[in-house]
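**Q** The structure file work.tsv (TSV, C-alpha atoms) is provided below.
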```
chain	number	residue	atom	x	y	z
I	1	MET	CA	0.00	0.00	0.00
I	2	SER	CA	3.03	2.24	-0.06
I	3	ARG	CA	2.14	3.12	-3.66
I	4	LEU	CA	-0.97	5.01	-2.58
I	5	GLN	CA	1.09	8.10	-1.86
I	6	ASP	CA	4.52	8.99	-0.59
I	7	CYS	CA	5.00	8.36	3.12
I	8	LYS	CA	4.76	11.68	4.94
I	9	ASN	CA	6.55	10.32	8.02
I	10	VAL	CA	4.05	12.00	10.35
I	11	PHE	CA	3.33	8.77	12.18
I	12	PHE	CA	6.98	7.69	12.39
I	13	ASN	CA	8.03	11.13	13.63
I	14	GLN	CA	5.65	10.77	16.57
I	15	LEU	CA	6.63	7.15	17.13
I	16	GLN	CA	10.35	7.97	17.12
I	17	ARG	CA	9.85	10.67	19.75
I	18	ALA	CA	7.93	8.24	21.98
I	19	PHE	CA	10.54	5.50	21.50
I	20	GLU	CA	13.46	7.80	22.27
I	21	GLN	CA	11.67	9.03	25.39
I	22	LEU	CA	11.35	5.43	26.57
I	23	ILE	CA	15.06	4.85	25.93
I	24	GLN	CA	15.96	7.98	27.87
I	25	ASN	CA	13.66	7.09	30.77
I	26	ASN	CA	15.25	3.63	31.03
I	27	ASP	CA	18.84	4.86	30.61
I	28	LEU	CA	19.37	2.63	27.61
I	29	ARG	CA	21.58	5.15	25.86
I	30	LYS	CA	24.24	4.51	28.49
I	31	ILE	CA	24.78	0.89	27.49
I	32	GLU	CA	25.68	-0.77	24.23
I	33	VAL	CA	22.63	-2.88	23.57
I	34	GLN	CA	23.38	-5.37	20.83
I	35	VAL	CA	20.60	-5.81	18.30
I	36	LYS	CA	20.51	-8.87	16.07
I	37	ALA	CA	17.84	-9.00	13.40
I	38	THR	CA	17.44	-11.99	11.11
I	39	PRO	CA	14.58	-13.46	9.06
I	40	LEU	CA	12.87	-16.54	10.49
I	41	THR	CA	11.98	-19.59	8.45
I	42	PRO	CA	8.22	-20.31	8.18
I	43	GLU	CA	8.59	-23.20	10.65
I	44	GLU	CA	10.37	-20.96	13.17
I	45	ALA	CA	7.80	-18.22	12.75
I	46	ILE	CA	4.47	-20.03	12.70
I	47	GLY	CA	5.08	-23.73	13.37
I	48	ALA	CA	2.70	-26.39	12.03
I	49	THR	CA	-0.69	-24.94	11.08
I	50	GLN	CA	-3.84	-26.55	9.73
I	51	ARG	CA	-4.12	-24.02	6.91
I	52	GLN	CA	-1.37	-23.68	4.35
I	53	ASP	CA	-2.41	-20.38	2.74
I	54	TYR	CA	-0.82	-17.94	5.19
I	55	VAL	CA	1.50	-15.44	3.55
I	56	LEU	CA	4.45	-16.71	5.62
I	57	LEU	CA	4.02	-20.21	4.23
I	58	LYS	CA	3.78	-18.92	0.65
I	59	GLY	CA	7.17	-17.26	0.98
I	60	LYS	CA	6.08	-13.78	-0.13
I	61	GLU	CA	6.93	-12.18	3.20
I	62	ARG	CA	9.21	-13.21	6.03
I	63	LEU	CA	9.17	-12.46	9.70
I	64	LEU	CA	12.25	-10.55	10.81
I	65	GLN	CA	13.13	-10.96	14.48
I	66	ALA	CA	15.20	-8.63	16.67
I	67	GLU	CA	16.71	-9.69	19.98
I	68	VAL	CA	17.44	-7.07	22.62
I	69	MET	CA	18.40	-7.78	26.23
I	70	GLY	CA	16.75	-11.18	26.23
I	71	TYR	CA	13.53	-9.98	24.57
I	72	ARG	CA	12.26	-10.54	21.05
I	73	GLY	CA	10.34	-8.33	18.69
I	74	GLN	CA	9.17	-9.14	15.18
I	75	ALA	CA	8.16	-7.43	11.96
I	76	PHE	CA	6.84	-8.68	8.62
I	77	THR	CA	8.82	-7.56	5.60
I	78	SER	CA	9.31	-8.48	1.98
I	79	SER	CA	12.93	-7.26	2.18
I	80	LEU	CA	15.30	-9.88	3.55
I	81	GLY	CA	18.61	-9.39	5.28
I	82	ASP	CA	20.49	-9.52	8.58
I	83	PHE	CA	21.49	-6.69	10.88
I	84	ALA	CA	23.74	-6.47	13.92
I	85	GLY	CA	24.49	-3.30	15.84
I	86	SER	CA	23.76	-1.26	18.92
I	87	LEU	CA	20.50	0.36	19.85
I	88	ALA	CA	22.14	3.66	18.97
I	89	ASP	CA	22.77	2.29	15.47
I	90	VAL	CA	19.10	1.38	15.09
I	91	LEU	CA	17.99	4.85	16.15
I	92	LYS	CA	20.19	6.36	13.44
I	93	LEU	CA	18.74	4.24	10.62
I	94	PRO	CA	17.14	6.24	7.80
I	95	LEU	CA	13.56	4.99	7.70
I	96	ASP	CA	13.38	5.30	3.93
I	97	ASN	CA	13.01	1.66	2.88
I	98	ASP	CA	11.19	-1.49	3.95
I	99	PHE	CA	14.26	-3.21	5.38
I	100	PHE	CA	15.36	-0.38	7.65
I	101	ARG	CA	11.79	0.20	8.83
I	102	ALA	CA	11.44	-3.53	9.60
I	103	ILE	CA	14.65	-3.51	11.67
I	104	TYR	CA	13.47	-0.40	13.51
I	105	VAL	CA	9.97	-1.78	14.16
I	106	ALA	CA	11.20	-5.21	15.30
I	107	THR	CA	13.72	-3.56	17.63
I	108	LEU	CA	11.11	-1.16	18.98
I	109	ASN	CA	8.87	-4.16	19.71
I	110	ALA	CA	11.65	-5.95	21.60
I	111	VAL	CA	12.53	-2.86	23.66
I	112	ALA	CA	8.86	-2.13	24.37
I	113	CYS	CA	8.53	-5.71	25.64
I	114	SER	CA	11.60	-5.36	27.85
I	115	ALA	CA	10.20	-2.15	29.33
I	116	GLY	CA	6.79	-3.65	30.05
I	117	LYS	CA	4.94	-1.52	27.49
I	118	VAL	CA	3.65	-4.66	25.75
I	119	SER	CA	4.23	-8.37	26.33
I	120	ASN	CA	2.97	-10.34	23.32
I	121	THR	CA	5.51	-9.53	20.61
I	122	VAL	CA	6.09	-13.03	19.13
I	123	HIS	CA	3.90	-14.56	16.41
I	124	CYS	CA	1.47	-17.28	17.48
I	125	ARG	CA	2.34	-20.83	16.45
I	126	ASN	CA	0.73	-24.13	15.50
I	127	GLU	CA	-2.99	-23.90	16.37
I	128	GLY	CA	-2.70	-20.22	17.33
I	129	PRO	CA	-3.79	-18.72	13.97
I	130	GLU	CA	-6.98	-20.83	13.94
I	131	LYS	CA	-7.78	-19.83	17.53
I	132	CYS	CA	-7.22	-16.20	16.59
I	133	CYS	CA	-9.72	-16.20	13.72
I	134	ARG	CA	-12.39	-17.75	15.96
I	135	GLN	CA	-12.22	-14.67	18.19
I	136	VAL	CA	-12.21	-11.87	15.63
I	137	VAL	CA	-15.98	-11.62	15.05
I	138	GLN	CA	-16.64	-11.29	18.76
I	139	TYR	CA	-13.97	-8.58	19.01
I	140	PHE	CA	-15.67	-6.43	16.37
I	141	ARG	CA	-19.16	-7.03	17.74
I	142	GLN	CA	-18.10	-5.99	21.23
I	143	ASN	CA	-16.21	-2.90	20.10
I	144	PHE	CA	-18.10	-1.72	16.98
I	145	THR	CA	-21.48	-3.59	17.00
I	146	CYS	CA	-22.02	-4.18	13.26
I	147	PRO	CA	-19.32	-2.29	11.36
I	148	ARG	CA	-18.36	-2.07	7.72
I	149	ILE	CA	-14.70	-3.05	7.75
I	150	VAL	CA	-11.88	-2.24	5.38
I	151	MET	CA	-9.14	-4.81	5.89
I	152	LEU	CA	-5.63	-3.83	4.85
I	153	GLY	CA	-3.67	-6.91	3.86
I	154	TYR	CA	-5.32	-10.20	2.93
I	155	GLN	CA	-5.07	-12.58	5.88
I	156	PRO	CA	-7.24	-15.48	4.70
I	157	ALA	CA	-8.47	-16.93	8.01
I	158	LEU	CA	-9.37	-13.54	9.51
I	159	ALA	CA	-10.96	-12.31	6.29
I	160	GLU	CA	-13.12	-15.43	5.88
I	161	ALA	CA	-14.37	-15.21	9.47
I	162	LEU	CA	-15.25	-11.51	9.16
I	163	VAL	CA	-16.92	-11.63	5.74
I	164	LYS	CA	-19.50	-14.11	7.06
I	165	GLU	CA	-20.74	-11.54	9.59
I	166	PHE	CA	-19.93	-8.03	8.30
I	167	PRO	CA	-19.49	-6.07	5.09
I	168	VAL	CA	-15.74	-6.37	4.49
I	169	TYR	CA	-13.57	-4.68	1.84
I	170	VAL	CA	-10.17	-6.38	1.64
I	171	LEU	CA	-7.34	-4.34	0.13
I	172	ASP	CA	-4.15	-6.08	-0.96
I	173	LEU	CA	-1.08	-5.35	-3.07
I	174	ASP	CA	-0.34	-8.87	-4.25
I	175	PRO	CA	-1.26	-9.01	-7.96
I	176	THR	CA	-2.02	-12.72	-7.64
I	177	ASN	CA	-4.83	-11.87	-5.19
I	178	ILE	CA	-6.24	-8.63	-6.59
I	179	GLY	CA	-9.54	-8.99	-8.42
I	180	LYS	CA	-10.21	-12.48	-7.12
I	181	THR	CA	-12.87	-13.80	-4.78
I	182	ILE	CA	-11.27	-16.45	-2.57
I	183	ASN	CA	-13.53	-18.50	-0.27
I	184	GLY	CA	-16.14	-15.75	-0.36
I	185	VAL	CA	-13.64	-12.90	0.15
I	186	GLU	CA	-13.44	-10.33	-2.64
I	187	ILE	CA	-10.00	-8.74	-2.82
I	188	PHE	CA	-9.57	-5.18	-4.08
I	189	ASP	CA	-6.53	-3.31	-5.35
I	190	GLY	CA	-4.73	-1.71	-2.41
I	191	CYS	CA	-3.80	1.26	-4.58
I	192	LYS	CA	-6.61	1.96	-7.03
I	193	ASP	CA	-9.53	0.94	-4.82
I	194	ALA	CA	-8.29	2.23	-1.46
I	195	ALA	CA	-10.10	5.58	-1.40
I	196	GLN	CA	-13.43	4.11	-2.47
I	197	CYS	CA	-13.27	1.29	0.06
I	198	LEU	CA	-12.26	3.63	2.87
I	199	ASN	CA	-15.21	5.89	2.13
I	200	GLN	CA	-17.59	2.97	2.57
I	201	ALA	CA	-16.04	1.63	5.78
I	202	ASP	CA	-16.62	2.42	9.44
I	203	VAL	CA	-13.36	0.95	10.77
I	204	ILE	CA	-9.90	0.13	9.40
I	205	PHE	CA	-8.47	-3.28	10.30
I	206	ALA	CA	-4.84	-3.16	9.25
I	207	THR	CA	-1.89	-5.50	9.26
I	208	GLY	CA	1.04	-4.05	11.15
I	209	SER	CA	2.97	-4.41	7.89
I	210	ILE	CA	1.71	-0.94	6.94
I	211	LEU	CA	4.43	0.29	9.31
I	212	CYS	CA	7.17	-1.49	7.38
I	213	ASN	CA	5.92	-0.68	3.89
I	214	GLY	CA	5.62	3.01	4.76
I	215	SER	CA	1.89	3.42	4.14
I	216	ILE	CA	0.80	4.04	7.75
I	217	ASP	CA	0.23	7.75	7.11
I	218	ASN	CA	-2.48	6.91	4.59
I	219	TYR	CA	-4.61	5.35	7.32
I	220	TYR	CA	-3.61	7.07	10.57
I	221	ASN	CA	-5.84	9.96	11.62
I	222	THR	CA	-8.34	9.46	8.80
I	223	GLY	CA	-11.23	10.10	11.18
I	224	LYS	CA	-12.07	6.38	11.17
I	225	PRO	CA	-11.06	4.02	13.98
I	226	LEU	CA	-7.86	2.10	13.25
I	227	VAL	CA	-7.23	-1.38	14.66
I	228	LEU	CA	-3.90	-3.09	14.01
I	229	TYR	CA	-3.55	-6.86	13.86
I	230	GLY	CA	-0.47	-9.05	14.19
I	231	THR	CA	2.85	-8.79	16.00
I	232	THR	CA	4.46	-6.17	13.75
I	233	GLY	CA	2.37	-3.37	15.23
I	234	ALA	CA	2.77	-4.44	18.87
I	235	GLY	CA	5.02	-1.65	20.08
I	236	ALA	CA	3.57	1.06	17.86
I	237	ALA	CA	0.06	0.25	19.08
I	238	ALA	CA	1.22	0.57	22.69
I	239	PHE	CA	3.14	3.82	22.13
I	240	MET	CA	0.45	5.47	19.99
I	241	ASN	CA	-2.63	4.19	21.85
I	242	ILE	CA	-3.95	2.25	18.86
I	243	PRO	CA	-6.13	-0.81	19.52
I	244	ARG	CA	-4.52	-4.09	18.50
I	245	PHE	CA	-6.07	-7.48	17.85
I	246	CYS	CA	-3.58	-10.29	18.38
I	247	PRO	CA	-5.05	-12.56	21.06
I	248	GLU	CA	-2.83	-15.61	20.51
I	249	SER	CA	0.58	-13.94	20.13
I	250	LEU	CA	3.29	-15.00	22.57
I	251	ASN	CA	5.34	-13.29	25.23
I	252	GLY	CA	8.54	-11.88	23.76
I	253	ARG	CA	10.74	-12.69	26.74
I	254	LYS	CA	13.36	-15.14	25.48
I	255	ASP	CA	13.05	-17.76	28.24
I	256	PHE	CA	9.24	-17.71	27.90
I	257	TYR	CA	9.55	-18.15	24.13
I	258	HIS	CA	11.76	-21.21	24.49
I	259	ARG	CA	9.37	-22.84	26.94
I	260	LYS	CA	6.68	-22.58	24.24
```
Translate the structure of the given file into structure tokens.

**A**
Amino acid sequence: MSRLQDCKNVFFNQLQRAFEQLIQNNDLRKIEVQVKATPLTPEEAIGATQRQDYVLLKGKERLLQAEVMGYRGQAFTSSLGDFAGSLADVLKLPLDNDFFRAIYVATLNAVACSAGKVSNTVHCRNEGPEKCCRQVVQYFRQNFTCPRIVMLGYQPALAEALVKEFPVYVLDLDPTNIGKTINGVEIFDGCKDAAQCLNQADVIFATGSILCNGSIDNYYNTGKPLVLYGTTGAGAAAFMNIPRFCPESLNGRKDFYHRK
């Protein structure tokens, strides 16, 4: 969705200020915190799932994981690569491409977890995705009654659950999905159809990947409620007071993660 318009950086400017304030409050600038970010394999990221149509399993995006002080944060990205450096190095990254934004977001998630801002910063595994989609209808009924939803990013299990109960407009950038109706879910062009779909919707349900692809400013402060889903938006949701739906995600503390 980054092709909708150029990223204005309004959201990231606010997020950076909040993140740097957290670092200052916790005296993290005084120590050399080593950040390691590397893409996870599908098995490492999501485990063994019943469905095989998740984007991770199709290889079109990978989950990048940052480790900071024994805590883990993650971010979806289509740009692969490794990174190692200090927290100061991460703060200096130019947030002008998907890879640097993914490193920054994953690191922010790990630090936010270490500081107690958010706990569930690791992707759910095995039966987790199926459990998640069984809860999404109730979430929207409780919080929005009977909304018209624009969903940013085609997540098949969530989309199929929602479309059975609500009017749902799914926007995606994958040309292999656009224009198709898959299991009752009609998928619209995330560029050309975005404005029309947004006008018809009451609430925006967005993958946290809009942080990494730079399109967050297209959907933040539109006057419509924004709900993020997934682990990518964990820290940003906490810092910016944005609701997040991710009921089955796991605690990012390293020893907790290994016990799972």

**Q** Of the candidates I:Cys197, I:Cys124, I:Tyr169, I:Val105, which shows the shortest atom-to-atom distance to Gly184 (chain I), using only C-alpha atoms?

**A** I:Tyr169

**Q** For a cutoff of 6 Å around the file-coordinate point (-16.0, -16.6, 13.4), which residues qualify once you count all atoms listed in the file? I'd like the result as a ChimeraX atom specification.

**A** /I:134,137,161

**Q** When you count only C-alpha atoms, which of these residues is closest to Thr77 (chain I): I:Ala234, I:Ala157, I:Cys212, I:Leu95?

**A**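 Among the listed residues, I:Cys212 lies closest to Thr77 (chain I).
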
**Q** Identify, on the basis of all atoms listed in the file, every residue whose closest approach to Asn26 (chain I) does not exceed 9 Å; exclude the query and any residue fewer than 4 positions from it along the same chain; express the result as a list of chain:residue names.

**A** I:Gln21, I:Leu22, I:Ala115

**Q** To one decimal place in Å, what is the distance between CA of Arg62 (chain I) and CA of Phe83 (chain I)?

**A**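 If I compute the distance from CA of Arg62 (chain I) to CA of Phe83 (chain I), I get 14.7 Å.
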
**Q** How far is it from CA of Tyr219 (chain I) to CA of Asn251 (chain I), in Å with one decimal?

**A** 27.7 Å

**Q** What does the structure give for the distance between CA of Val163 (chain I) and CA of Cys191 (chain I), in Å to one decimal?

**A**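 Rounded to one decimal, the two atoms are 21.1 Å apart.
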
**Q** Residues near Leu158 (chain I), anyone? I mean within 7 Å using only C-alpha atoms, not counting same-chain ones fewer than 4 positions away, as number ranges by chain.

**A** I: 133, 136, 162

**Q** Those residues you just picked out, can you put them in a file as a PDB file, in the frame of the given file with C-alpha atoms?

**A**
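Once everything was written out, this is out05.pdb:
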```
ATOM      1  CA  CYS I 133      -9.720 -16.200  13.720  1.00  0.00           C
ATOM      2  CA  VAL I 136     -12.210 -11.870  15.630  1.00  0.00           C
ATOM      3  CA  LEU I 162     -15.250 -11.510   9.160  1.00  0.00           C
TER       4      LEU I 162
END
```

**Q** (-5.0, -5.9, 11.2) in this file's frame - what residues fall within 7 Å of it? Use all atoms listed in the file and give the answer as a PDB file with C-alpha atoms, in the coordinates of the input.

**A**
```
ATOM      1  CA  MET I 151      -9.140  -4.810   5.890  1.00  0.00           C
ATOM      2  CA  LEU I 152      -5.630  -3.830   4.850  1.00  0.00           C
ATOM      3  CA  PHE I 205      -8.470  -3.280  10.300  1.00  0.00           C
ATOM      4  CA  ALA I 206      -4.840  -3.160   9.250  1.00  0.00           C
ATOM      5  CA  THR I 207      -1.890  -5.500   9.260  1.00  0.00           C
ATOM      6  CA  GLY I 208       1.040  -4.050  11.150  1.00  0.00           C
ATOM      7  CA  VAL I 227      -7.230  -1.380  14.660  1.00  0.00           C
ATOM      8  CA  LEU I 228      -3.900  -3.090  14.010  1.00  0.00           C
ATOM      9  CA  TYR I 229      -3.550  -6.860  13.860  1.00  0.00           C
ATOM     10  CA  GLY I 230      -0.470  -9.050  14.190  1.00  0.00           C
ATOM     11  CA  PHE I 245      -6.070  -7.480  17.850  1.00  0.00           C
TER      12      PHE I 245
END
```

**Q** So, counting all atoms listed in the file, which residue among I:Ala88, I:Ile149, I:Leu28, I:Ile103 is closest to Ala201 (chain I)?

**A**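 With all atoms listed in the file as the atom set, the closest residue is I:Ile149.
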
**Q** For Arg101 (chain I), please output as a list in words all residues within 8 Å (counting all atoms listed in the file; exclusion window: fewer than 3 positions along the same chain).

**A**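 Using all atoms listed in the file, the neighbours found are Leu95, Asp96, Asn97, Asp98, Tyr104, Val105, Leu211, Cys212, Asn213 and Gly214 of chain I.
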
**Q** Pull C-alpha atoms from the residues just selected and write them as a PDB file, in the coordinates of the input.

**A**
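Dumped to result13.pdb:
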```
ATOM      1  CA  LEU I  95      13.560   4.990   7.700  1.00  0.00           C
ATOM      2  CA  ASP I  96      13.380   5.300   3.930  1.00  0.00           C
ATOM      3  CA  ASN I  97      13.010   1.660   2.880  1.00  0.00           C
ATOM      4  CA  ASP I  98      11.190  -1.490   3.950  1.00  0.00           C
ATOM      5  CA  TYR I 104      13.470  -0.400  13.510  1.00  0.00           C
ATOM      6  CA  VAL I 105       9.970  -1.780  14.160  1.00  0.00           C
ATOM      7  CA  LEU I 211       4.430   0.290   9.310  1.00  0.00           C
ATOM      8  CA  CYS I 212       7.170  -1.490   7.380  1.00  0.00           C
ATOM      9  CA  ASN I 213       5.920  -0.680   3.890  1.00  0.00           C
ATOM     10  CA  GLY I 214       5.620   3.010   4.760  1.00  0.00           C
TER      11      GLY I 214
END
```

**Q** Quick one: axis-aligned box around all listed atoms of region 147-150 of chain I, 4 Å on every side, centre and edge lengths in Å to one decimal, written as AutoDock Vina command-line options.

**A**
```
--center_x -15.6 --center_y -2.6 --center_z 8.4 --size_x 15.4 --size_y 9.0 --size_z 14.0
```

**Q** Any idea what's packed within 9 Å of Cys146 (chain I), counting all atoms listed in the file, ignoring anything in its chain fewer than 4 positions away? Could you give it as a tab-separated table (two decimals) with C-alpha atoms, in the frame of the given file?

**A**
```
chain	number	residue	atom	x	y	z
I	140	PHE	CA	-15.67	-6.43	16.37
I	141	ARG	CA	-19.16	-7.03	17.74
I	165	GLU	CA	-20.74	-11.54	9.59
I	166	PHE	CA	-19.93	-8.03	8.30
I	167	PRO	CA	-19.49	-6.07	5.09
```
